[in-house]
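Peer 1: My structure is in start-v7.txt, and what it holds is compact mmCIF, C-alpha atoms and all ligand atoms:
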```txt
# COMPACT_ATOMS: atom_id res chain seq x y z
CA MET G 1 25.01 -27.22 -0.19
CA LYS G 2 22.38 -28.14 2.41
CA THR G 3 18.86 -27.73 1.08
CA VAL G 4 17.39 -27.24 4.56
CA LYS G 5 18.46 -24.45 6.90
CA ALA G 6 17.07 -22.68 9.94
CA ILE G 7 17.35 -18.98 10.66
CA ARG G 8 16.87 -17.66 14.15
CA ALA G 9 15.92 -14.02 14.78
CA ARG G 10 13.17 -11.78 16.06
CA LEU G 11 10.38 -12.28 13.51
CA PHE G 12 7.96 -9.63 12.27
CA TRP G 13 5.36 -9.96 9.54
CA PHE G 14 1.85 -9.05 8.45
CA THR G 15 -1.16 -11.17 7.59
CA GLY G 16 -3.45 -8.20 6.96
CA ASP G 17 -3.63 -4.42 6.62
CA PRO G 18 -3.04 -2.68 9.97
CA ALA G 19 -5.20 0.25 8.83
CA LEU G 20 -8.14 -2.15 8.71
CA GLN G 21 -7.29 -4.80 11.28
CA GLY G 22 -5.16 -2.90 13.81
CA ASP G 23 -2.80 -4.98 15.91
CA ALA G 24 -4.39 -8.21 14.64
CA ALA G 25 -2.72 -7.53 11.28
CA TRP G 26 0.85 -8.06 12.47
CA HIS G 27 2.82 -10.76 14.24
CA TYR G 28 5.99 -10.63 16.28
CA VAL G 29 8.02 -13.47 17.76
CA GLU G 30 10.78 -12.36 20.13
CA ASP G 31 12.83 -15.57 19.77
CA GLY G 32 11.67 -16.90 16.45
CA MET G 33 12.83 -19.22 13.73
CA VAL G 34 12.11 -19.86 10.09
CA ILE G 35 13.00 -23.10 8.37
CA VAL G 36 13.73 -23.01 4.66
CA LYS G 37 13.78 -25.93 2.26
CA GLU G 38 14.70 -25.51 -1.39
CA GLY G 39 13.95 -21.80 -1.41
CA VAL G 40 10.59 -22.03 0.31
CA LEU G 41 9.56 -21.46 3.95
CA THR G 42 8.43 -24.68 5.61
CA HIS G 43 8.06 -23.46 9.20
CA VAL G 44 7.67 -20.09 10.92
CA GLY G 45 7.37 -19.85 14.68
CA GLU G 46 8.94 -19.97 18.12
CA ALA G 47 12.56 -21.11 18.11
CA SER G 48 11.98 -23.26 21.18
CA ALA G 49 9.33 -25.31 19.38
CA LEU G 50 11.14 -25.55 16.04
CA LEU G 51 14.57 -26.40 17.47
CA ALA G 52 13.08 -29.66 18.76
CA GLN G 53 12.03 -30.65 15.24
CA LEU G 54 15.32 -29.96 13.46
CA ALA G 55 17.55 -32.78 12.29
CA ALA G 56 20.85 -32.70 14.18
CA ASP G 57 22.85 -31.64 11.11
CA THR G 58 20.58 -28.77 10.01
CA PRO G 59 22.59 -25.56 9.86
CA ILE G 60 21.24 -22.77 12.09
CA ILE G 61 22.08 -19.17 11.30
CA ASP G 62 21.55 -16.95 14.31
CA HIS G 63 20.70 -13.33 13.51
CA ARG G 64 19.50 -12.38 16.99
CA PRO G 65 18.92 -9.64 18.12
CA HIS G 66 18.11 -8.45 14.62
CA LEU G 67 14.66 -8.43 13.10
CA LEU G 68 13.74 -10.80 10.26
CA MET G 69 10.90 -9.69 7.99
CA PRO G 70 9.77 -10.34 4.41
CA GLY G 71 12.00 -8.79 1.75
CA PHE G 72 11.02 -5.31 0.60
CA ILE G 73 9.09 -4.86 -2.64
CA ASP G 74 9.60 -1.82 -4.90
CA THR G 75 6.71 -1.40 -7.32
CA HIS G 76 8.06 1.30 -9.67
CA MET G 77 11.59 2.13 -10.75
CA HIS G 78 13.64 2.72 -13.88
CA PHE G 79 16.54 0.40 -14.65
CA PRO G 80 18.29 2.91 -17.00
CA GLN G 81 18.23 5.72 -14.43
CA THR G 82 20.93 4.58 -12.00
CA GLN G 83 23.07 7.40 -13.43
CA VAL G 84 20.22 9.91 -13.57
CA ILE G 85 19.61 10.05 -9.80
CA ALA G 86 20.65 13.44 -8.36
CA SER G 87 20.19 15.42 -11.58
CA HIS G 88 19.72 19.02 -10.55
CA GLY G 89 17.13 21.69 -11.00
CA ALA G 90 14.36 20.55 -13.34
CA GLN G 91 10.72 19.53 -13.11
CA LEU G 92 9.27 16.55 -14.95
CA LEU G 93 9.22 17.42 -18.67
CA ASP G 94 12.52 19.34 -18.55
CA TRP G 95 14.05 16.64 -16.36
CA LEU G 96 13.07 13.98 -18.92
CA ASN G 97 14.48 15.95 -21.86
CA LYS G 98 17.60 17.30 -20.21
CA TYR G 99 18.76 14.22 -18.32
CA THR G 100 16.68 11.07 -18.68
CA PHE G 101 16.24 10.87 -22.44
CA VAL G 102 19.94 11.63 -22.90
CA GLU G 103 21.01 8.85 -20.52
CA GLU G 104 18.55 6.23 -21.73
CA GLN G 105 20.05 6.37 -25.25
CA ARG G 106 23.21 4.77 -23.85
CA TYR G 107 21.22 1.56 -23.25
CA ALA G 108 21.50 0.69 -26.94
CA ASP G 109 24.83 -0.81 -25.80
CA PRO G 110 24.35 -4.39 -24.47
CA ASP G 111 27.61 -4.23 -22.48
CA LEU G 112 26.42 -1.16 -20.60
CA CYS G 113 23.05 -2.88 -20.06
CA LYS G 114 24.76 -5.90 -18.51
CA ALA G 115 27.08 -3.91 -16.25
CA ASN G 116 24.27 -1.68 -15.04
CA ALA G 117 21.79 -4.54 -14.52
CA THR G 118 24.42 -6.21 -12.33
CA PHE G 119 24.83 -2.99 -10.38
CA LEU G 120 21.09 -2.42 -10.03
CA LEU G 121 20.19 -5.89 -8.78
CA ASP G 122 23.09 -6.06 -6.33
CA THR G 123 22.22 -2.60 -5.06
CA LEU G 124 18.56 -3.50 -4.56
CA LEU G 125 19.55 -6.57 -2.55
CA LYS G 126 21.99 -4.54 -0.51
CA HIS G 127 19.04 -2.30 0.39
CA GLY G 128 16.82 -5.25 1.33
CA THR G 129 14.67 -5.18 -1.81
CA THR G 130 14.01 -8.68 -3.11
CA THR G 131 11.33 -7.86 -5.69
CA ALA G 132 11.06 -4.82 -7.95
CA VAL G 133 9.07 -3.68 -10.96
CA ALA G 134 11.27 -1.80 -13.41
CA TYR G 135 10.94 0.05 -16.66
CA GLY G 136 13.73 -0.65 -19.13
CA SER G 137 14.80 1.70 -21.87
CA VAL G 138 13.16 1.39 -25.29
CA HIS G 139 15.87 -1.12 -26.26
CA PRO G 140 14.94 -4.79 -25.81
CA GLN G 141 18.58 -5.44 -24.86
CA SER G 142 18.01 -3.48 -21.64
CA MET G 143 15.41 -6.04 -20.57
CA GLU G 144 17.52 -8.96 -21.79
CA ALA G 145 20.23 -7.84 -19.36
CA TYR G 146 17.79 -7.12 -16.54
CA PHE G 147 16.00 -10.46 -16.78
CA SER G 148 19.22 -12.46 -17.30
CA GLU G 149 20.78 -11.00 -14.16
CA ALA G 150 17.54 -11.46 -12.17
CA LEU G 151 17.31 -15.09 -13.28
CA ARG G 152 20.95 -15.68 -12.33
CA ARG G 153 20.15 -14.43 -8.81
CA ASN G 154 16.88 -16.42 -8.73
CA MET G 155 14.99 -13.22 -7.86
CA ARG G 156 11.27 -12.56 -8.24
CA MET G 157 11.46 -9.54 -10.56
CA ILE G 158 9.10 -7.79 -12.93
CA GLY G 159 9.85 -5.42 -15.79
CA GLY G 160 9.35 -4.37 -19.37
CA LYS G 161 10.91 -2.33 -22.15
CA VAL G 162 9.27 1.07 -22.50
CA MET G 163 7.30 1.74 -25.64
CA MET G 164 7.59 5.32 -26.90
CA ASP G 165 6.98 6.58 -30.44
CA ARG G 166 6.87 10.38 -30.13
CA ASN G 167 8.11 13.41 -28.17
CA ALA G 168 11.56 11.98 -27.47
CA PRO G 169 14.91 11.86 -29.32
CA ALA G 170 14.99 9.63 -32.43
CA GLY G 171 17.34 7.17 -30.68
CA LEU G 172 14.64 6.41 -28.13
CA LEU G 173 11.69 5.89 -30.44
CA ASP G 174 10.16 2.64 -31.57
CA THR G 175 6.95 2.44 -33.63
CA PRO G 176 3.60 0.89 -32.71
CA GLN G 177 4.55 -2.26 -34.63
CA ARG G 178 8.08 -2.47 -33.26
CA GLY G 179 6.91 -1.80 -29.72
CA TYR G 180 4.36 -4.58 -30.11
CA ASP G 181 6.77 -7.07 -31.72
CA GLU G 182 9.61 -6.44 -29.28
CA SER G 183 7.33 -6.59 -26.22
CA ARG G 184 5.76 -9.79 -27.53
CA ALA G 185 9.14 -11.43 -28.09
CA LEU G 186 10.30 -10.44 -24.59
CA ILE G 187 7.07 -11.82 -23.08
CA ALA G 188 7.56 -15.12 -24.93
CA LYS G 189 11.14 -15.38 -23.71
CA TRP G 190 10.91 -14.11 -20.13
CA HIS G 191 7.37 -14.02 -18.73
CA ASP G 192 6.91 -16.79 -16.14
CA LYS G 193 10.50 -17.95 -16.60
CA GLY G 194 11.90 -18.73 -13.12
CA ARG G 195 10.32 -16.09 -10.92
CA LEU G 196 10.17 -13.40 -13.61
CA SER G 197 7.13 -11.58 -14.95
CA TYR G 198 6.72 -9.11 -17.77
CA ALA G 199 5.17 -5.63 -17.50
CA ILE G 200 3.79 -4.12 -20.70
CA SER G 201 5.16 -0.58 -20.50
CA PRO G 202 3.82 2.29 -22.61
CA ARG G 203 5.91 5.01 -20.92
CA PHE G 204 3.11 7.60 -20.70
CA ALA G 205 0.51 9.29 -22.92
CA ILE G 206 2.93 12.02 -24.00
CA THR G 207 5.42 9.61 -25.58
CA SER G 208 2.92 7.18 -27.13
CA THR G 209 0.69 7.92 -30.13
CA GLU G 210 -2.88 6.68 -30.20
CA ALA G 211 -1.70 3.84 -32.43
CA GLN G 212 0.85 2.80 -29.83
CA LEU G 213 -1.66 2.94 -26.97
CA GLU G 214 -3.88 0.79 -29.16
CA VAL G 215 -1.22 -1.92 -29.51
CA SER G 216 -0.50 -1.64 -25.78
CA GLY G 217 -4.16 -2.49 -25.16
CA ALA G 218 -3.85 -5.43 -27.55
CA LEU G 219 -0.79 -6.71 -25.65
CA VAL G 220 -2.71 -6.43 -22.37
CA ARG G 221 -5.70 -8.36 -23.79
CA GLU G 222 -3.48 -11.03 -25.32
CA ASN G 223 -1.35 -11.46 -22.18
CA PRO G 224 -3.69 -11.15 -19.20
CA SER G 225 -1.14 -12.51 -16.73
CA CYS G 226 1.36 -9.76 -17.57
CA TYR G 227 1.43 -6.47 -15.69
CA MET G 228 0.86 -3.08 -17.32
CA GLN G 229 2.76 -0.07 -16.04
CA THR G 230 2.67 3.58 -17.01
CA HIS G 231 2.81 7.11 -15.56
CA ILE G 232 -0.18 9.34 -14.86
CA SER G 233 -0.97 12.72 -13.35
CA GLU G 234 2.46 13.45 -11.94
CA ASN G 235 2.97 17.08 -12.96
CA LEU G 236 0.63 19.93 -13.98
CA LYS G 237 2.44 20.73 -17.25
CA GLU G 238 2.35 17.05 -18.14
CA ILE G 239 -1.41 16.97 -17.54
CA ALA G 240 -1.93 20.08 -19.70
CA PHE G 241 0.11 18.53 -22.53
CA VAL G 242 -1.93 15.31 -22.36
CA LYS G 243 -5.09 17.42 -22.64
CA GLU G 244 -3.71 18.99 -25.84
CA LEU G 245 -2.73 15.62 -27.28
CA PHE G 246 -6.05 13.91 -26.43
CA PRO G 247 -8.65 16.71 -26.63
CA SER G 248 -11.64 14.39 -26.64
CA ALA G 249 -10.66 12.41 -23.51
CA LYS G 250 -12.58 13.22 -20.31
CA ASP G 251 -9.29 13.42 -18.38
CA TYR G 252 -5.86 11.73 -18.17
CA THR G 253 -7.30 8.50 -16.75
CA ASP G 254 -9.80 8.34 -19.60
CA VAL G 255 -6.93 8.30 -22.11
CA TYR G 256 -5.61 5.01 -20.72
CA ASP G 257 -9.11 3.71 -19.99
CA SER G 258 -10.20 4.11 -23.59
CA TYR G 259 -7.35 1.83 -24.73
CA GLY G 260 -8.14 -0.86 -22.14
CA LEU G 261 -5.11 -0.10 -19.99
CA LEU G 262 -6.78 0.01 -16.57
CA GLY G 263 -7.24 -3.14 -14.50
CA GLN G 264 -6.22 -5.40 -11.65
CA ARG G 265 -2.64 -5.68 -12.96
CA SER G 266 -2.22 -2.00 -13.95
CA LEU G 267 0.44 -0.11 -12.00
CA MET G 268 -0.16 3.59 -12.44
CA GLY G 269 2.81 5.70 -11.36
CA HIS G 270 2.30 8.87 -9.27
CA CYS G 271 -1.47 9.71 -9.34
CA ILE G 272 -0.85 13.03 -7.59
CA HIS G 273 -3.41 15.28 -9.25
CA LEU G 274 -6.28 12.86 -9.93
CA SER G 275 -9.89 14.09 -9.76
CA ASP G 276 -12.59 12.31 -7.78
CA ARG G 277 -13.93 10.90 -11.05
CA GLU G 278 -10.53 9.44 -11.88
CA ARG G 279 -10.12 7.89 -8.43
CA ALA G 280 -13.56 6.34 -8.74
CA ARG G 281 -12.55 4.84 -12.09
CA PHE G 282 -9.35 3.47 -10.53
CA ALA G 283 -11.43 1.82 -7.81
CA GLU G 284 -13.90 0.34 -10.30
CA THR G 285 -11.13 -1.15 -12.42
CA ARG G 286 -8.97 -2.21 -9.39
CA SER G 287 -6.03 -0.28 -10.88
CA VAL G 288 -3.14 0.45 -8.51
CA ALA G 289 -2.00 4.00 -7.64
CA VAL G 290 1.77 3.91 -7.07
CA PHE G 291 3.06 6.42 -4.50
CA CYS G 292 6.67 7.51 -5.13
CA PRO G 293 7.45 10.00 -2.36
CA THR G 294 11.17 10.68 -2.87
CA SER G 295 10.59 11.30 -6.56
CA ASN G 296 7.52 13.48 -6.03
CA LEU G 297 9.46 15.71 -3.66
CA PHE G 298 12.70 15.72 -5.66
CA ILE G 299 11.11 16.54 -9.04
CA GLY G 300 8.74 18.93 -7.27
CA SER G 301 5.66 17.16 -8.60
CA GLY G 302 3.35 17.47 -5.60
CA LEU G 303 1.93 15.62 -2.61
CA PHE G 304 0.18 12.28 -3.07
CA ASP G 305 -3.10 12.38 -1.14
CA TRP G 306 -2.99 9.05 0.69
CA ALA G 307 -6.19 9.64 2.70
CA LYS G 308 -8.28 10.61 -0.31
CA THR G 309 -6.95 7.66 -2.31
CA VAL G 310 -7.76 5.22 0.50
CA GLU G 311 -11.18 6.81 0.99
CA ALA G 312 -11.91 6.30 -2.71
CA ASN G 313 -11.11 2.61 -2.23
CA VAL G 314 -8.16 2.69 -4.63
CA ARG G 315 -5.41 0.09 -4.23
CA ILE G 316 -2.10 1.77 -3.33
CA ALA G 317 1.51 0.66 -3.71
CA LEU G 318 4.76 2.29 -2.57
CA ALA G 319 7.87 2.72 -4.73
CA THR G 320 11.25 4.44 -5.10
CA ASP G 321 10.91 5.60 -8.73
CA ILE G 322 14.67 5.49 -9.17
CA GLY G 323 16.03 7.81 -10.72
CA GLY G 324 13.45 10.58 -10.24
CA GLY G 325 13.48 9.06 -6.79
CA THR G 326 16.57 9.64 -4.69
CA SER G 327 17.08 6.44 -2.71
CA TYR G 328 17.15 2.71 -3.43
CA SER G 329 16.07 2.18 0.17
CA MET G 330 12.44 1.37 0.85
CA LEU G 331 13.13 2.51 4.44
CA GLN G 332 14.06 5.97 3.18
CA THR G 333 11.14 5.87 0.77
CA ALA G 334 8.81 5.25 3.72
CA ALA G 335 10.49 8.07 5.66
CA GLU G 336 9.76 10.52 2.84
CA GLY G 337 6.25 9.07 2.52
CA TYR G 338 5.66 9.86 6.17
CA LYS G 339 6.74 13.48 5.55
CA VAL G 340 4.50 13.82 2.48
CA LEU G 341 1.54 12.75 4.62
CA GLN G 342 2.62 15.03 7.49
CA LEU G 343 2.53 18.02 5.13
CA GLN G 344 -1.14 17.25 4.50
CA GLY G 345 -2.09 16.76 8.14
CA GLN G 346 -2.24 12.97 7.65
CA SER G 347 -0.43 10.49 9.83
CA TRP G 348 1.14 7.27 8.63
CA SER G 349 1.89 4.67 11.29
CA PRO G 350 5.16 2.71 11.06
CA PHE G 351 3.02 -0.42 10.88
CA SER G 352 1.22 0.90 7.80
CA ALA G 353 4.55 1.86 6.23
CA PHE G 354 6.09 -1.58 6.80
CA TYR G 355 2.88 -3.20 5.59
CA ALA G 356 3.15 -1.14 2.39
CA MET G 357 6.78 -2.18 1.83
CA THR G 358 5.99 -5.89 2.24
CA MET G 359 2.53 -7.41 2.17
CA GLY G 360 0.76 -4.30 0.84
CA ASN G 361 3.00 -4.15 -2.21
CA ALA G 362 2.66 -7.94 -2.64
CA GLU G 363 -1.13 -7.46 -2.68
CA ALA G 364 -0.80 -4.67 -5.24
CA LEU G 365 1.12 -7.10 -7.46
CA ASP G 366 -1.30 -10.00 -6.81
CA LEU G 367 1.65 -11.88 -5.35
CA HIS G 368 0.41 -12.04 -1.76
CA ASP G 369 0.16 -15.84 -1.96
CA LYS G 370 3.90 -16.07 -2.69
CA ILE G 371 5.81 -13.14 -1.14
CA GLY G 372 5.38 -10.28 1.33
CA SER G 373 4.63 -12.40 4.41
CA LEU G 374 6.17 -15.23 6.45
CA ARG G 375 4.23 -18.43 6.16
CA ALA G 376 4.86 -22.06 5.23
CA GLY G 377 4.75 -22.35 1.45
CA TYR G 378 5.89 -18.77 0.82
CA GLU G 379 9.07 -18.00 -1.07
CA ALA G 380 12.00 -17.50 1.30
CA ASP G 381 12.80 -13.88 0.40
CA PHE G 382 13.54 -11.96 3.55
CA VAL G 383 15.60 -9.24 5.10
CA ILE G 384 17.47 -8.97 8.41
CA LEU G 385 17.22 -5.50 9.94
CA ASN G 386 19.50 -3.91 12.52
CA ALA G 387 17.96 -0.88 14.22
CA ARG G 388 21.32 -0.09 15.86
CA ALA G 389 23.31 -0.01 12.62
CA THR G 390 24.75 3.50 13.02
CA PRO G 391 25.85 5.52 16.06
CA ALA G 392 22.82 7.81 15.61
CA MET G 393 20.47 4.83 15.51
CA GLU G 394 22.16 3.20 18.50
CA MET G 395 21.84 6.43 20.48
CA ARG G 396 18.15 6.82 19.61
CA MET G 397 17.42 3.15 20.35
CA GLU G 398 18.44 3.71 23.99
CA ARG G 399 15.12 5.50 24.46
CA VAL G 400 13.02 2.99 22.50
CA SER G 401 10.69 0.78 24.46
CA ASP G 402 8.46 -0.98 21.95
CA LEU G 403 8.33 -2.43 18.44
CA MET G 404 6.43 0.53 16.96
CA GLU G 405 9.19 2.91 18.03
CA GLU G 406 11.90 0.58 16.74
CA LEU G 407 10.16 0.40 13.36
CA PHE G 408 9.95 4.18 13.21
CA VAL G 409 13.68 4.50 13.98
CA LEU G 410 14.40 2.04 11.16
CA ILE G 411 12.34 4.11 8.73
CA THR G 412 13.52 7.54 9.80
CA LEU G 413 17.23 6.84 10.33
CA GLY G 414 17.73 3.60 8.42
CA ASP G 415 18.99 2.84 4.92
CA ASP G 416 21.25 0.13 3.46
CA ARG G 417 23.38 0.29 6.61
CA ALA G 418 20.43 -1.14 8.55
CA ILE G 419 20.24 -4.19 6.27
CA ALA G 420 22.31 -6.83 8.06
CA ALA G 421 21.53 -9.48 5.43
CA THR G 422 19.18 -10.24 2.55
CA TYR G 423 18.01 -13.73 1.59
CA VAL G 424 16.77 -14.62 -1.88
CA ALA G 425 14.92 -17.93 -2.14
CA GLY G 426 16.63 -18.94 1.08
CA GLU G 427 20.16 -18.06 -0.04
CA ARG G 428 22.07 -15.27 1.65
CA PHE G 429 23.05 -12.58 -0.84
CA GLU G 430 26.77 -11.83 -0.87
CA TYR G 431 27.68 -8.45 -2.30
CA ALA G 432 30.79 -8.56 -4.48
CA GLU G 433 32.65 -5.35 -3.54
N1 LIG G 501 6.97 10.09 -16.76
C1 LIG G 501 7.36 9.52 -17.92
N2 LIG G 501 8.59 8.98 -17.80
C2 LIG G 501 8.98 9.19 -16.54
C3 LIG G 501 10.16 8.86 -15.81
O1 LIG G 501 11.10 8.26 -16.32
N3 LIG G 501 10.19 9.26 -14.51
C4 LIG G 501 9.16 9.93 -13.93
N4 LIG G 501 9.26 10.28 -12.65
N5 LIG G 501 8.05 10.26 -14.59
C5 LIG G 501 7.96 9.90 -15.88
ZN ZN G 502 8.69 6.36 -13.20
```
Starting from the file, give its structure as structure tokens.
Ligand code: GUN
Ligand code: ZN
Peer 2:
Amino acid sequence: MKTVKAIRARLFWFTGDPALQGDAAWHYVEDGMVIVKEGVLTHVGEASALLAQLAADTPIIDHRPHLLMPGFIDTHMHFPQTQVIASHGAQLLDWLNKYTFVEEQRYADPDLCKANATFLLDTLLKHGTTTAVAYGSVHPQSMEAYFSEALRRNMRMIGGKVMMDRNAPAGLLDTPQRGYDESRALIAKWHDKGRLSYAISPRFAITSTEAQLEVSGALVRENPSCYMQTHISENLKEIAFVKELFPSAKDYTDVYDSYGLLGQRSLMGHCIHLSDRERARFAETRSVAVFCPTSNLFIGSGLFDWAKTVEANVRIALATDIGGGTSYSMLQTAAEGYKVLQLQGQSWSPFSAFYAMTMGNAEALDLHDKIGSLRAGYEADFVILNARATPAMEMRMERVSDLMEELFVLITLGDDRAIAATYVAGERFEYAE
């Protein structure tokens, strides 16, 4: 196999946040080219200039007139919930008990873990997602399967087994010690292997005792390059239950704060009902609020206040939250995000949405020097988008006259059908049907 290849397409990428830098934040090359060597971008620019530099035998893949942009990044999802999506008629705590905790018990079976990890990773790539942060089940074997399959595909993936030692069926409980030991062993085996990273994952305050939150804090202190992910302030009954369980905490954020779980690498799922005090504490600690629009609408949790979160200077990421979320597609996730903001009289530009899916999420993961943009030295994870992928999109595109409108068509009408190809470390992903 050739180690150098060139890919020709319309190029689109960000080098900054369009909400702060306007049109200076994004770049577009009508007839562009990227050159990839051994999984890394070596050149990004005008095809006319780069064609002159190519050796005569360099393969050129021509994706024109499609759009090439950095691969999508999904910052919160659940590996064991591929068969929970579309579970009817329950809000968070009932949904967890009735569907999720029943399904996750199946992940004691390593064969099921392997089959479903294969499905998950192929499905993410089919939807243009090249990096994701996932929760496993409580079983270490779920993460063994997830990381093995990610390594086999040479993907940049993040994840961790959930720790939970109360308020769930016996088959899903570990203990503080077991949660610590199993997480530690997984970190030793998988963190920083290939392009993999570990996320220490106390599921949420309701399913972890104080002793387990304590060991979670110890894991975070002992492994500062790992991520920490949990859920917070998603649903009003959840918040009331946390208040009962932790009567002396100032609020939900204070529960995690008092165990040392906030910080630059802390991914806090949902953040719908935070107070001003909590947002201020997020900003001080650089913790990331993860916005999961399809899930928040589907489980009926509420509307994430983007404007207030930005105003409070809190870092924000965007995510599917499969399987409370209803789509693997970051395009569809952005479409629902747009509607969540519309319902609050806020407007989200297509540029801000695409920034969130790529460079913004890379920033939230502290990976913006490796992924999320197109630049020499960056990992060659990218997606090829076709804004005319369906008859409805083709019809609408007849009235489109600029890039902003094309991006909005992709978000509003696009899904996996709009993904013409996905490249992982420079290799085109082939979906085995
Ligand atoms: N809170 C705790 N666990 C979960 C989960 O699996 N999904 C969602 N949406 N919220 C949670
Ligand atoms: Zn979640």
Peer 1: Would you tabulate, counting all atoms listed in the file, all residues of chain G that have an atom at most 9 Å from an atom of ligand ZN 502 (chain G), showing the closest pair of atoms and their distance in Å to one decimal, sorted by chain then ascending number, as a tab-separated table?
Peer 2:
```
residue	atom	partner	partner_atom	distance
G:His76	CA	G:ZN502	ZN	6.2
G:Met77	CA	G:ZN502	ZN	5.7
G:His78	CA	G:ZN502	ZN	6.2
G:Ala134	CA	G:ZN502	ZN	8.6
G:Tyr135	CA	G:ZN502	ZN	7.5
G:Arg203	CA	G:ZN502	ZN	8.3
G:Thr230	CA	G:ZN502	ZN	7.6
G:His231	CA	G:ZN502	ZN	6.4
G:Gly269	CA	G:ZN502	ZN	6.2
G:His270	CA	G:ZN502	ZN	7.9
G:Cys292	CA	G:ZN502	ZN	8.4
G:Ser295	CA	G:ZN502	ZN	8.5
G:Thr320	CA	G:ZN502	ZN	8.7
G:Asp321	CA	G:ZN502	ZN	5.0
G:Ile322	CA	G:ZN502	ZN	7.3
G:Gly323	CA	G:ZN502	ZN	7.9
G:Gly324	CA	G:ZN502	ZN	7.0
G:Gly325	CA	G:ZN502	ZN	8.4
```
Peer 1: Could you pull the residues within 10 Å of G:Cys113, counting only C-alpha atoms, minus those fewer than 3 positions along the same chain, as a list in words?
Peer 2: Phe79, Pro80, Arg106, Tyr107, Ala108, Asp109, Pro110, Asn116, Ala117, Thr118, Phe119, Gly136, Ser137, His139, Gln141, Ser142, Met143, Glu144, Ala145 and Tyr146 of chain G
Peer 1: With distances taken over all atoms listed in the file, which residue among G:Tyr378, G:Tyr328, G:Phe408, G:Trp26 lies nearest G:Pro350?
Peer 2: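 So, comparing all the options, the nearest one is G:Phe408.
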Peer 1: Can you tell me which residues surround G:Trp306 at a distance of at most 9 Å, considering all atoms listed in the file, apart from same-chain residues fewer than 5 positions away, and format the answer as number ranges by chain?
Peer 2: G: 291, 311, 316, 341, 346
Peer 1: G:Leu196: which residues within 7 Å, counting all atoms listed in the file, same-chain residues fewer than 4 positions away excluded, as a PyMOL selection string?
Peer 2: chain G and resi 156-158+190-192
Peer 1: Once you have the residues from the selection above, write them out as a short mmCIF file (atom, residue, chain, number, x, y, z; two decimals), keeping the file's coordinate frame, restricted to C-alpha atoms.
Peer 2:
```
data_model
loop_
_atom_site.label_atom_id
_atom_site.label_comp_id
_atom_site.auth_asym_id
_atom_site.auth_seq_id
_atom_site.Cartn_x
_atom_site.Cartn_y
_atom_site.Cartn_z
CA ARG G 156 11.27 -12.56 -8.24
CA MET G 157 11.46 -9.54 -10.56
CA ILE G 158 9.10 -7.79 -12.93
CA TRP G 190 10.91 -14.11 -20.13
CA HIS G 191 7.37 -14.02 -18.73
CA ASP G 192 6.91 -16.79 -16.14
#
```
Peer 1: Report as a PyMOL selection string all protein, DNA and RNA residues lying within 10 Å of G:Leu96, evaluated on all atoms listed in the file, omitting residues in the same chain fewer than 5 positions from it.
Peer 2: chain G and resi 84+90-91+101-104+168+324
Peer 1: Tell me which of G:Ser216, G:Ser301, G:Thr131, G:Gln344 sits closest to G:Met330, counting all atoms listed in the file.
Peer 2: G:Thr131
Peer 1: Of the candidates G:Pro202, G:Gly414, G:Pro247, G:Gly337, which shows the shortest atom-to-atom distance to ligand LIG 501 (chain G), using all atoms listed in the file?
Peer 2: G:Pro202
Peer 1: Just checking: using all atoms listed in the file, which residue out of G:Leu112, G:Met155, G:Ala205, G:Ala47 ends up closest to ligand LIG 501 (chain G)?
Peer 2: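 Nearest to ligand LIG 501 (chain G): G:Ala205.
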Peer 1: Taking all atoms listed in the file into account, which of G:Ile371, G:Leu331, G:Ile35, G:Ala49 comes nearest G:Thr294?
Peer 2: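 Comparing G:Ile371, G:Leu331, G:Ile35, G:Ala49 against G:Thr294, the winner is G:Leu331.
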Peer 1: For G:Gly194, list every protein, DNA or RNA residue within 12 Å, evaluated using all atoms listed in the file, and leave out those in the same chain fewer than 5 positions away; present the list as a PyMOL selection string.
Peer 2: chain G and resi 147-158+189+425
Peer 1: Could you save those same residues with C-alpha atoms as a CSV table (one decimal), in the frame of the given file?
Peer 2:
```csv
chain,number,residue,atom,x,y,z
G,147,PHE,CA,16.0,-10.5,-16.8
G,148,SER,CA,19.2,-12.5,-17.3
G,149,GLU,CA,20.8,-11.0,-14.2
G,150,ALA,CA,17.5,-11.5,-12.2
G,151,LEU,CA,17.3,-15.1,-13.3
G,152,ARG,CA,21.0,-15.7,-12.3
G,153,ARG,CA,20.2,-14.4,-8.8
G,154,ASN,CA,16.9,-16.4,-8.7
G,155,MET,CA,15.0,-13.2,-7.9
G,156,ARG,CA,11.3,-12.6,-8.2
G,157,MET,CA,11.5,-9.5,-10.6
G,158,ILE,CA,9.1,-7.8,-12.9
G,189,LYS,CA,11.1,-15.4,-23.7
G,425,ALA,CA,14.9,-17.9,-2.1
```
